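**Q** Data file target-v9.txt (compact mmCIF, C-alpha atoms) is appended below.
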# COMPACT_ATOMS: atom_id res chain seq x y z
CA MET A 1 -95.06 18.44 -25.26
CA LYS A 2 -97.42 21.40 -25.35
CA PRO A 3 -97.03 25.13 -24.74
CA SER A 4 -98.09 26.23 -21.29
CA SER A 5 -101.27 27.84 -22.64
CA THR A 6 -102.51 24.58 -24.15
CA LEU A 7 -101.28 21.96 -21.69
CA PRO A 8 -104.22 20.01 -20.23
CA GLY A 9 -104.93 20.46 -16.56
CA GLN A 10 -104.35 16.81 -15.76
CA LEU A 11 -100.79 15.68 -16.60
CA THR A 12 -99.53 12.15 -16.33
CA GLN A 13 -96.50 11.66 -14.10
CA ALA A 14 -94.25 11.19 -17.17
CA GLU A 15 -95.52 14.43 -18.72
CA HIS A 16 -95.00 16.19 -15.42
CA TRP A 17 -91.35 15.16 -15.25
CA LEU A 18 -90.81 16.00 -18.92
CA ARG A 19 -92.26 19.46 -18.27
CA ILE A 20 -89.87 20.01 -15.35
CA LEU A 21 -86.94 18.77 -17.43
CA ALA A 22 -87.76 21.15 -20.30
CA GLU A 23 -88.33 24.14 -18.02
CA THR A 24 -85.02 23.64 -16.16
CA SER A 25 -82.85 22.54 -19.10
CA PRO A 26 -79.88 24.81 -19.93
CA ALA A 27 -80.44 23.94 -23.59
CA ALA A 28 -82.95 25.97 -25.55
CA ILE A 29 -85.92 23.86 -26.66
CA PHE A 30 -88.29 24.76 -29.48
CA VAL A 31 -91.27 22.82 -30.81
CA TYR A 32 -92.71 24.07 -34.08
CA ARG A 33 -94.74 23.31 -37.16
CA GLU A 34 -95.49 26.39 -39.22
CA THR A 35 -95.05 28.54 -36.12
CA ILE A 36 -93.38 27.92 -32.80
CA LEU A 37 -95.62 25.93 -30.48
CA TYR A 38 -93.38 25.81 -27.42
CA ALA A 39 -90.23 27.55 -26.18
CA ASN A 40 -88.65 26.86 -22.81
CA PRO A 41 -87.05 29.57 -20.57
CA ALA A 42 -83.59 28.82 -22.00
CA ALA A 43 -84.95 29.53 -25.51
CA ILE A 44 -86.31 32.86 -24.28
CA ASP A 45 -82.90 33.76 -22.80
CA LEU A 46 -81.11 32.71 -25.99
CA THR A 47 -83.28 34.69 -28.42
CA GLY A 48 -84.19 37.72 -26.29
CA PHE A 49 -87.85 37.41 -27.34
CA THR A 50 -90.68 36.96 -24.85
CA GLU A 51 -92.66 33.72 -24.80
CA SER A 52 -95.65 35.40 -26.45
CA GLU A 53 -93.44 36.85 -29.19
CA LEU A 54 -91.88 33.48 -29.90
CA LEU A 55 -95.25 31.71 -30.08
CA ALA A 56 -96.24 34.18 -32.83
CA MET A 57 -93.13 33.54 -34.93
CA ARG A 58 -91.96 30.93 -37.38
CA TYR A 59 -88.83 29.07 -36.28
CA ASP A 60 -86.94 30.03 -39.45
CA GLN A 61 -87.36 33.72 -38.53
CA LEU A 62 -84.78 33.12 -35.79
CA LEU A 63 -82.18 31.94 -38.27
CA ASP A 64 -79.64 34.07 -40.08
CA ASP A 65 -80.75 32.84 -43.50
CA ALA A 66 -84.52 32.99 -43.51
CA GLY A 67 -86.13 29.91 -44.98
CA ASP A 68 -83.14 27.64 -44.35
CA SER A 69 -83.48 25.90 -40.99
CA SER A 70 -80.96 23.15 -41.77
CA PRO A 71 -77.84 23.19 -39.60
CA ASP A 72 -74.36 22.54 -40.98
CA PRO A 73 -74.38 18.76 -41.54
CA ALA A 74 -70.81 18.46 -40.30
CA THR A 75 -71.22 20.40 -37.05
CA GLY A 76 -74.95 20.81 -36.49
CA ILE A 77 -74.34 24.54 -36.04
CA VAL A 78 -76.61 27.35 -37.25
CA THR A 79 -76.49 31.11 -36.79
CA MET A 80 -79.43 32.39 -34.75
CA LYS A 81 -80.46 36.06 -34.60
CA ARG A 82 -81.51 37.58 -31.30
CA LYS A 83 -84.17 40.21 -30.94
CA ASP A 84 -81.47 42.89 -30.48
CA GLY A 85 -79.88 41.86 -33.81
CA ALA A 86 -76.89 40.08 -32.28
CA GLU A 87 -75.93 36.77 -33.84
CA ARG A 88 -75.33 33.63 -31.81
CA ARG A 89 -73.82 30.40 -33.03
CA VAL A 90 -75.82 27.43 -31.73
CA ARG A 91 -75.45 23.68 -32.05
CA CYS A 92 -78.82 22.15 -32.89
CA ARG A 93 -80.33 18.70 -32.75
CA SER A 94 -83.80 18.00 -34.10
CA ALA A 95 -86.30 15.20 -33.90
CA TYR A 96 -89.87 14.58 -34.99
CA VAL A 97 -92.40 14.44 -32.17
CA GLU A 98 -96.16 14.33 -31.82
CA MET A 99 -97.94 17.28 -30.28
CA ASP A 100 -101.72 17.42 -29.98
CA TRP A 101 -101.72 14.17 -31.95
CA GLN A 102 -100.04 15.89 -34.92
CA PRO A 103 -96.40 15.66 -36.09
CA ALA A 104 -94.07 18.52 -35.10
CA THR A 105 -90.35 19.25 -34.94
CA LEU A 106 -88.48 19.50 -31.65
CA VAL A 107 -85.18 21.36 -31.70
CA THR A 108 -82.64 21.57 -28.88
CA ALA A 109 -80.10 24.38 -29.25
CA ILE A 110 -76.94 25.04 -27.22
CA ASP A 111 -75.17 28.39 -27.52
CA VAL A 112 -71.56 27.70 -28.61
CA THR A 113 -70.68 31.26 -29.66
CA VAL A 114 -67.99 31.69 -27.00
CA GLN A 115 -66.49 28.29 -27.79
CA ILE A 116 -66.39 28.99 -31.54
CA ASP A 117 -64.87 32.45 -31.00
CA ALA A 118 -62.23 30.91 -28.74
CA GLU A 119 -61.49 28.22 -31.33
CA ARG A 120 -61.22 30.87 -34.05
CA ARG A 121 -58.83 32.98 -31.96
CA LEU A 122 -56.81 29.88 -31.14
CA ALA A 123 -56.63 28.97 -34.83
CA GLU A 124 -55.54 32.52 -35.72
CA THR A 125 -52.89 32.43 -32.98
CA GLN A 126 -51.66 29.05 -34.20
CA ASN A 127 -51.55 30.36 -37.76
CA ARG A 128 -49.47 33.38 -36.69
CA PHE A 129 -47.25 31.07 -34.65
CA ASP A 130 -46.71 28.81 -37.69
CA LEU A 131 -45.97 31.80 -39.95
CA ALA A 132 -43.48 33.14 -37.39
CA GLN A 133 -41.71 29.77 -37.39
CA GLN A 134 -41.52 29.73 -41.17
CA ALA A 135 -40.29 33.33 -41.38
CA GLY A 136 -37.70 32.89 -38.63
CA ARG A 137 -36.83 29.28 -39.51
CA TRP A 138 -37.25 28.22 -35.89
CA VAL A 139 -39.01 25.26 -34.36
CA ALA A 140 -40.75 25.13 -30.97
CA TRP A 141 -40.32 22.05 -28.78
CA GLU A 142 -41.09 20.66 -25.33
CA TRP A 143 -39.21 17.91 -23.51
CA PHE A 144 -40.41 15.99 -20.44
CA PRO A 145 -37.33 14.60 -18.63
CA ASN A 146 -39.25 12.07 -16.52
CA SER A 147 -40.58 10.20 -19.56
CA ASP A 148 -38.05 11.50 -22.13
CA GLU A 149 -41.04 12.48 -24.28
CA LEU A 150 -40.21 15.14 -26.87
CA VAL A 151 -42.90 17.17 -28.66
CA ILE A 152 -41.77 19.10 -31.76
CA SER A 153 -43.88 21.47 -33.86
CA SER A 154 -44.72 20.32 -37.36
CA PHE A 155 -42.53 22.99 -39.00
CA ALA A 156 -39.58 20.74 -38.18
CA ASP A 157 -40.72 18.61 -41.13
CA THR A 158 -39.96 21.49 -43.50
CA LEU A 159 -36.62 22.13 -41.85
CA PHE A 160 -35.44 18.52 -42.00
CA GLY A 161 -37.35 17.34 -45.06
CA THR A 162 -39.02 14.41 -43.29
CA ASP A 163 -41.72 13.63 -40.71
CA VAL A 164 -39.54 14.72 -37.81
CA HIS A 165 -42.38 15.75 -35.49
CA ARG A 166 -43.77 12.19 -35.72
CA ASP A 167 -40.52 10.19 -35.99
CA ILE A 168 -38.62 12.05 -33.25
CA ARG A 169 -40.61 11.29 -30.11
CA THR A 170 -37.96 11.24 -27.38
CA GLY A 171 -34.83 13.10 -26.33
CA ASN A 172 -32.73 10.10 -27.33
CA ASP A 173 -34.32 10.14 -30.80
CA TYR A 174 -33.20 13.76 -31.18
CA LEU A 175 -29.73 13.06 -29.78
CA ALA A 176 -29.28 10.43 -32.49
CA LEU A 177 -29.61 13.23 -35.09
CA VAL A 178 -26.92 15.35 -33.42
CA HIS A 179 -23.47 15.21 -35.00
CA PRO A 180 -21.31 12.72 -33.03
CA GLU A 181 -18.73 15.42 -32.28
CA ASP A 182 -21.40 17.61 -30.63
CA ARG A 183 -23.25 15.01 -28.53
CA ASP A 184 -21.06 15.36 -25.43
CA ARG A 185 -21.67 19.12 -25.43
CA VAL A 186 -25.42 18.51 -25.62
CA ARG A 187 -25.33 16.02 -22.72
CA LEU A 188 -23.29 18.43 -20.59
CA ALA A 189 -25.65 21.34 -21.37
CA VAL A 190 -28.69 19.24 -20.45
CA GLU A 191 -27.05 18.13 -17.18
CA ARG A 192 -26.42 21.78 -16.25
CA LEU A 193 -30.01 22.66 -17.15
CA LEU A 194 -31.49 19.89 -14.99
CA ALA A 195 -29.17 20.79 -12.13
CA GLY A 196 -30.42 24.37 -12.25
CA ASP A 197 -27.01 25.81 -13.08
CA ASP A 198 -27.98 27.40 -16.38
CA ASP A 199 -30.59 27.65 -19.14
CA LEU A 200 -30.01 25.62 -22.27
CA ALA A 201 -28.18 27.60 -24.97
CA LEU A 202 -25.82 26.10 -27.52
CA GLU A 203 -25.15 25.74 -31.22
CA LEU A 204 -24.83 22.25 -32.64
CA ARG A 205 -24.81 20.34 -35.87
CA CYS A 206 -27.56 17.90 -36.84
CA LEU A 207 -27.50 15.24 -39.52
CA THR A 208 -30.75 15.27 -41.47
CA PRO A 209 -32.23 12.06 -42.90
CA ARG A 210 -31.22 13.41 -46.32
CA GLY A 211 -27.58 13.29 -45.25
CA ASP A 212 -26.80 17.02 -45.09
CA ILE A 213 -25.67 18.95 -42.02
CA ARG A 214 -27.74 21.72 -40.47
CA TRP A 215 -26.45 24.13 -37.81
CA LEU A 216 -29.06 24.68 -35.10
CA ALA A 217 -29.07 27.25 -32.30
CA THR A 218 -30.94 25.60 -29.43
CA LYS A 219 -32.41 27.43 -26.43
CA GLY A 220 -34.50 26.01 -23.60
CA VAL A 221 -35.92 27.02 -20.21
CA ALA A 222 -36.67 24.54 -17.42
CA ARG A 223 -39.89 24.43 -15.43
CA ARG A 224 -39.78 22.98 -11.93
CA CYS A 225 -43.23 21.85 -10.86
CA SER A 226 -42.58 18.69 -8.83
CA PRO A 227 -42.63 18.89 -4.99
CA ASP A 228 -38.93 18.04 -4.79
CA GLY A 229 -37.97 20.80 -7.23
CA ARG A 230 -37.01 18.53 -10.09
CA VAL A 231 -37.43 19.71 -13.67
CA THR A 232 -40.66 18.34 -15.11
CA ARG A 233 -40.68 20.18 -18.44
CA VAL A 234 -38.26 22.04 -20.69
CA THR A 235 -39.65 24.46 -23.27
CA GLY A 236 -37.53 25.92 -26.03
CA VAL A 237 -36.89 26.73 -29.65
CA VAL A 238 -34.45 25.56 -32.29
CA HIS A 239 -33.31 28.13 -34.83
CA ASP A 240 -31.74 27.13 -38.14
CA VAL A 241 -28.49 29.12 -38.43
CA THR A 242 -26.95 27.09 -41.24
CA GLU A 243 -26.77 30.00 -43.69
CA GLN A 244 -25.22 32.21 -41.02
CA LYS A 245 -22.61 29.55 -40.23
CA VAL A 246 -21.80 29.09 -43.92
CA THR A 247 -21.31 32.85 -44.24
CA GLU A 248 -19.19 32.99 -41.08
CA ASN A 249 -16.99 30.13 -42.29
CA ALA A 250 -16.55 31.85 -45.65
CA LEU A 251 -15.56 35.09 -43.89
CA PHE A 252 -13.12 33.24 -41.63
CA GLN A 253 -11.55 31.55 -44.64
CA GLU A 254 -11.31 34.86 -46.47
CA ARG A 255 -9.76 36.51 -43.41
CA ASP A 256 -7.26 33.67 -43.04
CA ARG A 257 -6.31 33.96 -46.70
CA ALA A 258 -5.90 37.72 -46.32
CA PHE A 259 -3.66 37.34 -43.26
CA VAL A 260 -1.57 34.69 -44.94
CA THR A 261 -1.18 36.95 -47.99
CA LEU A 262 -0.27 40.00 -45.90
CA SER A 263 2.16 37.95 -43.82
CA SER A 264 3.93 36.53 -46.82
CA ILE A 265 4.51 39.65 -48.95
CA ALA A 266 7.85 41.49 -48.78
CA ASP A 267 6.37 44.95 -48.10
CA GLY A 268 5.52 46.20 -44.65
CA VAL A 269 1.74 46.55 -44.18
CA ILE A 270 0.16 48.70 -41.47
CA ARG A 271 -3.61 48.89 -40.96
CA THR A 272 -5.49 51.35 -38.72
CA ASP A 273 -9.07 52.12 -37.80
CA ALA A 274 -10.80 55.33 -38.95
CA ARG A 275 -9.17 57.30 -36.12
CA GLY A 276 -5.65 56.20 -37.06
CA ALA A 277 -5.20 53.64 -34.25
CA ILE A 278 -3.14 50.58 -35.19
CA ASP A 279 -5.03 47.27 -35.48
CA TYR A 280 -2.61 45.25 -37.62
CA LEU A 281 1.08 45.05 -38.54
CA ASN A 282 2.34 42.30 -40.77
CA PRO A 283 5.68 40.65 -39.85
CA VAL A 284 7.69 42.86 -42.24
CA ALA A 285 6.17 46.04 -40.76
CA GLN A 286 6.97 44.76 -37.27
CA ARG A 287 10.60 44.18 -38.27
CA LEU A 288 10.96 47.57 -39.97
CA THR A 289 9.35 49.63 -37.17
CA GLY A 290 10.67 47.55 -34.28
CA TRP A 291 7.15 47.34 -32.82
CA SER A 292 5.30 44.08 -32.19
CA LEU A 293 1.61 43.84 -32.99
CA ALA A 294 0.78 43.35 -29.30
CA ASP A 295 2.69 46.50 -28.25
CA SER A 296 1.38 48.65 -31.07
CA TYR A 297 -2.26 47.57 -31.09
CA GLY A 298 -4.60 50.50 -30.40
CA ARG A 299 -1.85 53.15 -30.35
CA PRO A 300 -1.84 56.10 -32.79
CA ALA A 301 -0.10 55.29 -36.04
CA SER A 302 2.09 58.40 -35.62
CA ASP A 303 3.67 56.75 -32.55
CA ILE A 304 4.59 53.65 -34.51
CA TYR A 305 5.31 54.84 -38.02
CA GLN A 306 7.62 57.88 -37.80
CA VAL A 307 9.31 59.20 -40.94
CA VAL A 308 11.73 62.11 -41.46
CA ASP A 309 12.97 63.99 -44.47
CA GLU A 310 16.08 62.28 -45.85
CA LYS A 311 17.96 65.57 -46.27
CA THR A 312 16.81 67.69 -43.32
CA GLY A 313 16.04 64.96 -40.78
CA LYS A 314 12.82 66.75 -39.80
CA ARG A 315 9.56 64.89 -39.11
CA VAL A 316 7.22 64.88 -42.07
CA LEU A 317 3.53 64.01 -42.31
CA ASP A 318 3.19 60.24 -42.54
CA PRO A 319 0.99 58.79 -45.33
CA ILE A 320 -1.50 57.29 -42.85
CA GLN A 321 -2.43 60.63 -41.30
CA HIS A 322 -2.36 62.33 -44.69
CA CYS A 323 -4.72 59.66 -46.09
CA LEU A 324 -7.15 60.04 -43.18
CA ASN A 325 -7.11 63.83 -43.51
CA GLU A 326 -7.63 63.83 -47.28
CA GLN A 327 -9.89 60.72 -47.40
CA ARG A 328 -8.09 59.55 -50.51
CA GLU A 329 -5.17 57.45 -51.64
CA VAL A 330 -1.78 59.05 -50.89
CA VAL A 331 1.51 58.20 -52.64
CA PHE A 332 4.73 59.98 -51.67
CA LEU A 333 7.36 60.28 -54.35
CA GLY A 334 10.91 60.04 -53.34
CA GLN A 335 12.59 58.43 -50.41
CA ARG A 336 12.11 59.12 -46.67
CA LEU A 337 13.67 57.65 -43.60
CA LEU A 338 11.70 55.43 -41.16
CA LEU A 339 12.76 55.74 -37.51
CA ARG A 340 12.88 52.38 -35.73
CA ARG A 341 11.69 51.98 -32.15
CA ALA A 342 15.08 50.89 -30.82
CA GLY A 343 17.07 53.32 -32.97
CA GLY A 344 18.28 53.27 -36.54
CA ARG A 345 16.77 54.40 -39.79
CA PHE A 346 15.50 52.71 -42.92
CA PRO A 347 15.01 54.41 -46.27
CA VAL A 348 11.43 53.69 -47.43
CA HIS A 349 8.93 54.44 -50.15
CA ASP A 350 5.44 54.62 -48.66
CA SER A 351 1.81 55.10 -49.61
CA ALA A 352 -1.61 54.78 -48.00
CA ALA A 353 -5.18 54.12 -49.20
CA PRO A 354 -8.56 54.27 -47.43
CA ILE A 355 -10.68 51.14 -46.92
CA ARG A 356 -14.36 52.00 -47.30
CA ASP A 357 -17.52 50.19 -46.23
CA ARG A 358 -20.69 49.94 -48.33
CA GLN A 359 -21.80 53.38 -47.21
CA GLY A 360 -18.51 54.90 -48.40
Please render this file's structure as structure tokens.
**A**
Amino acid sequence: MKPSSTLPGQLTQAEHWLRILAETSPAAIFVYRETILYANPAAIDLTGFTESELLAMRYDQLLDDAGDSSPDPATGIVTMKRKDGAERRVRCRSAYVEMDWQPATLVTAIDVTVQIDAERRLAETQNRFDLAQQAGRWVAWEWFPNSDELVISSFADTLFGTDVHRDIRTGNDYLALVHPEDRDRVRLAVERLLAGDDDLALELRCLTPRGDIRWLATKGVARRCSPDGRVTRVTGVVHDVTEQKVTENALFQERDRAFVTLSSIADGVIRTDARGAIDYLNPVAQRLTGWSLADSYGRPASDIYQVVDEKTGKRVLDPIQHCLNEQREVVFLGQRLLLRRAGGRFPVHDSAAPIRDRQG
């Protein structure tokens, strides 16, 4: 192949077709020895130089690193500099040819800048997505009901300690990991999802291959793309809530122990919120005041716990209100009389103390 200024007037048919192919090719074509001998229109568009400018240049002057015209051996990609200074990433292929009966190098170059930028952005997005999964301990998944195919992100391997995203390939594979006591709930939730009654949202237990139990909060949304409106895909996430469940169970156990303790002691115990409204009476307090927990709940403590001076019979400030006013523990010395709801009086010794949160 020869530059247009040196092509002979009489071309063979093969040379004619090769010339047309080069001139109309979307790939940039360069032929060079020391300097560029030929550049097709696509090469002119790629570099921003005119044909005459290119024919006066060395090929390596177009490259980002002058003197190194070798593309990346793994990808065949080099960085090419345009006339305006912009850099373009191009995939190159080279071959030795003969031009004017002397050896030369022919290079075809395709601009892949947009593709590489898109791949880089995709990789960055995937990296952020993976980091979000690790930070939140959640796993993305997709299920295709027609084939039962299940696709799980690779972070599931970290969560379960095995190659879950490769071993669990179907919905039935996943169901086999679910605790036997929770499987019926999962089936019912999936039936409701496919029927269009509700999105998928439930907490369940899974048995990992290591033998431990993980609590997972599962959420999924159906996509209906088939002509008959059937669900073709379900997309969702699984969030590991094991630590939360362990904490909740510990709190429930502690609360149960506290209620058992309060219910079993011989003293009457009354608890209020910060405004003085009743939220708990133990059985002894219910017997002494004559009020049930259901009837007293939410009412001011002064309505439930009424005390009078033993000598004068006049109402006195109860320890609950005094404690709330003073924001400190209150202990009354001496004996007062507690007025029961249905009549009658009990002599009592009483005291009250504030319960404070972490902020005091």
**Q** Neighbouring residues of Cys323 in chain A were defined as those with any atom within 9 Å, considering all atoms listed in the file; residues of the same chain fewer than 6 positions away were excluded. Please report them as an MDAnalysis selection string.
**A** chainID A and resid 329:330 351:354
**Q** In Å, rounded to a single decimal, give me how far CA of Glu203 in chain A is from CA of Ser154 in chain A.
**A**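 CA of Glu203 in chain A lies 21.2 Å from CA of Ser154 in chain A.
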**Q** Between A:Ala28, A:Ile36, A:Leu333, A:Val107, which one has atoms that come closest to Ser52 in chain A, using only C-alpha atoms?
**A**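 Nearest to Ser52 in chain A: A:Ile36.
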**Q** Rounded to one decimal, what separation in Å do you get between CA of Pro227 in chain A and CA of Phe144 in chain A?
**A**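 We find that CA of Pro227 in chain A and CA of Phe144 in chain A lie 15.9 Å from each other.
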**Q** Between A:Ala274, A:Met99, A:Ala201, A:Leu207, single out the one closest to Ala176 in chain A, counting only C-alpha atoms.
**A**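 Looking only at the distances to Ala176 in chain A, the closest residue turns out to be A:Leu207.
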**Q** Tell me, in Å to one decimal, how far CA of Ala294 in chain A is from CA of Ala277 in chain A.
**A** 12.9 Å
**Q** Might you pull out every residue within 10 Å of range 234-242 of chain A, with all atoms listed in the file counted and same-chain residues fewer than 4 positions away left off, and present them as a PyMOL selection string?
**A** chain A and resi 133+136-145+150-153+156+159+190+193-194+199-205+213-224+246-248
**Q** May I have the residues within 6 Å of Ile110 in chain A as a list of chain:residue names, using only C-alpha atoms and disregarding those fewer than 3 positions away in the same chain?
**A**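 The residues that qualify are A:Ala27, A:Val90, A:Arg91.
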**Q** I need the residues from that last selection saved to file as a PDB file, keeping the file's coordinate frame (with C-alpha atoms), if you can.
**A**
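New file again29.pdb:
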ATOM      1  CA  ALA A  27     -80.440  23.940 -23.590  1.00  0.00           C
ATOM      2  CA  VAL A  90     -75.820  27.430 -31.730  1.00  0.00           C
ATOM      3  CA  ARG A  91     -75.450  23.680 -32.050  1.00  0.00           C
TER       4      ARG A  91
END
**Q** May I ask which of the residues A:Asp45, A:Asp64, A:Asp117, A:Asp198 is the closest one to Gly85 in chain A, counting only C-alpha atoms?
**A**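 Using only C-alpha atoms, the shortest distance to Gly85 in chain A belongs to A:Asp64.
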**Q** Between A:Ala86, A:Leu338, A:Ala285, A:Ile20, which is the closest to Glu310 in chain A once you count all atoms listed in the file?
**A**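 Closest to Glu310 in chain A of all the choices is A:Leu338.
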**Q** Using all atoms listed in the file, can you tell me which of A:Asp100, A:Asp167, A:Asp357, A:Asp350 comes closest to Gly268 in chain A?
**A**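 Checking each of A:Asp100, A:Asp167, A:Asp357, A:Asp350 against Gly268 in chain A, counting all atoms listed in the file, the winner is A:Asp350.
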**Q** Taking all atoms listed in the file into account, which of A:Asn146, A:Asn40, A:Thr170, A:Thr208 comes nearest Ala22 in chain A?
**A**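 Under the stated criterion, the closest residue is A:Asn40.
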**Q** Give me range 308-322 of chain A with N, CA, C and O atoms filled in, as an mmCIF file, keeping the file's coordinate frame.
**A**
data_model
loop_
_atom_site.group_PDB
_atom_site.id
_atom_site.type_symbol
_atom_site.label_atom_id
_atom_site.label_comp_id
_atom_site.auth_asym_id
_atom_site.auth_seq_id
_atom_site.Cartn_x
_atom_site.Cartn_y
_atom_site.Cartn_z
ATOM 1 N N VAL A 308 11.093 60.793 -41.401
ATOM 2 C CA VAL A 308 11.730 62.110 -41.460
ATOM 3 C C VAL A 308 12.230 62.347 -42.876
ATOM 4 O O VAL A 308 12.424 61.411 -43.663
ATOM 5 N N ASP A 309 12.414 63.625 -43.172
ATOM 6 C CA ASP A 309 12.970 63.990 -44.470
ATOM 7 C C ASP A 309 14.406 63.479 -44.558
ATOM 8 O O ASP A 309 15.202 63.647 -43.630
ATOM 9 N N GLU A 310 14.746 62.887 -45.692
ATOM 10 C CA GLU A 310 16.080 62.280 -45.850
ATOM 11 C C GLU A 310 17.175 63.317 -45.779
ATOM 12 O O GLU A 310 18.269 63.045 -45.266
ATOM 13 N N LYS A 311 16.918 64.540 -46.221
ATOM 14 C CA LYS A 311 17.960 65.570 -46.270
ATOM 15 C C LYS A 311 18.006 66.385 -44.981
ATOM 16 O O LYS A 311 19.077 66.640 -44.447
ATOM 17 N N THR A 312 16.823 66.796 -44.474
ATOM 18 C CA THR A 312 16.810 67.690 -43.320
ATOM 19 C C THR A 312 16.711 66.955 -41.981
ATOM 20 O O THR A 312 17.038 67.502 -40.940
ATOM 21 N N GLY A 313 16.220 65.710 -42.012
ATOM 22 C CA GLY A 313 16.040 64.960 -40.780
ATOM 23 C C GLY A 313 14.844 65.408 -39.968
ATOM 24 O O GLY A 313 14.668 64.957 -38.836
ATOM 25 N N LYS A 314 14.002 66.268 -40.519
ATOM 26 C CA LYS A 314 12.820 66.750 -39.800
ATOM 27 C C LYS A 314 11.630 65.806 -40.036
ATOM 28 O O LYS A 314 11.497 65.213 -41.109
ATOM 29 N N ARG A 315 10.762 65.731 -39.002
ATOM 30 C CA ARG A 315 9.560 64.890 -39.110
ATOM 31 C C ARG A 315 8.669 65.414 -40.224
ATOM 32 O O ARG A 315 8.464 66.623 -40.380
ATOM 33 N N VAL A 316 8.151 64.519 -40.995
ATOM 34 C CA VAL A 316 7.220 64.880 -42.070
ATOM 35 C C VAL A 316 5.900 64.127 -41.829
ATOM 36 O O VAL A 316 5.849 63.159 -41.074
ATOM 37 N N LEU A 317 4.849 64.625 -42.463
ATOM 38 C CA LEU A 317 3.530 64.010 -42.310
ATOM 39 C C LEU A 317 3.572 62.596 -42.886
ATOM 40 O O LEU A 317 3.952 62.396 -44.040
ATOM 41 N N ASP A 318 3.168 61.620 -42.060
ATOM 42 C CA ASP A 318 3.190 60.240 -42.540
ATOM 43 C C ASP A 318 1.987 59.988 -43.446
ATOM 44 O O ASP A 318 0.964 60.687 -43.367
ATOM 45 N N PRO A 319 2.059 59.005 -44.357
ATOM 46 C CA PRO A 319 0.990 58.790 -45.330
ATOM 47 C C PRO A 319 -0.332 58.378 -44.679
ATOM 48 O O PRO A 319 -1.403 58.662 -45.223
ATOM 49 N N ILE A 320 -0.262 57.728 -43.507
ATOM 50 C CA ILE A 320 -1.500 57.290 -42.850
ATOM 51 C C ILE A 320 -2.330 58.495 -42.434
ATOM 52 O O ILE A 320 -3.521 58.592 -42.749
ATOM 53 N N GLN A 321 -1.709 59.451 -41.738
ATOM 54 C CA GLN A 321 -2.430 60.630 -41.300
ATOM 55 C C GLN A 321 -2.887 61.472 -42.470
ATOM 56 O O GLN A 321 -3.994 62.022 -42.482
ATOM 57 N N HIS A 322 -2.002 61.564 -43.503
ATOM 58 C CA HIS A 322 -2.360 62.330 -44.690
ATOM 59 C C HIS A 322 -3.570 61.698 -45.384
ATOM 60 O O HIS A 322 -4.497 62.403 -45.826
#
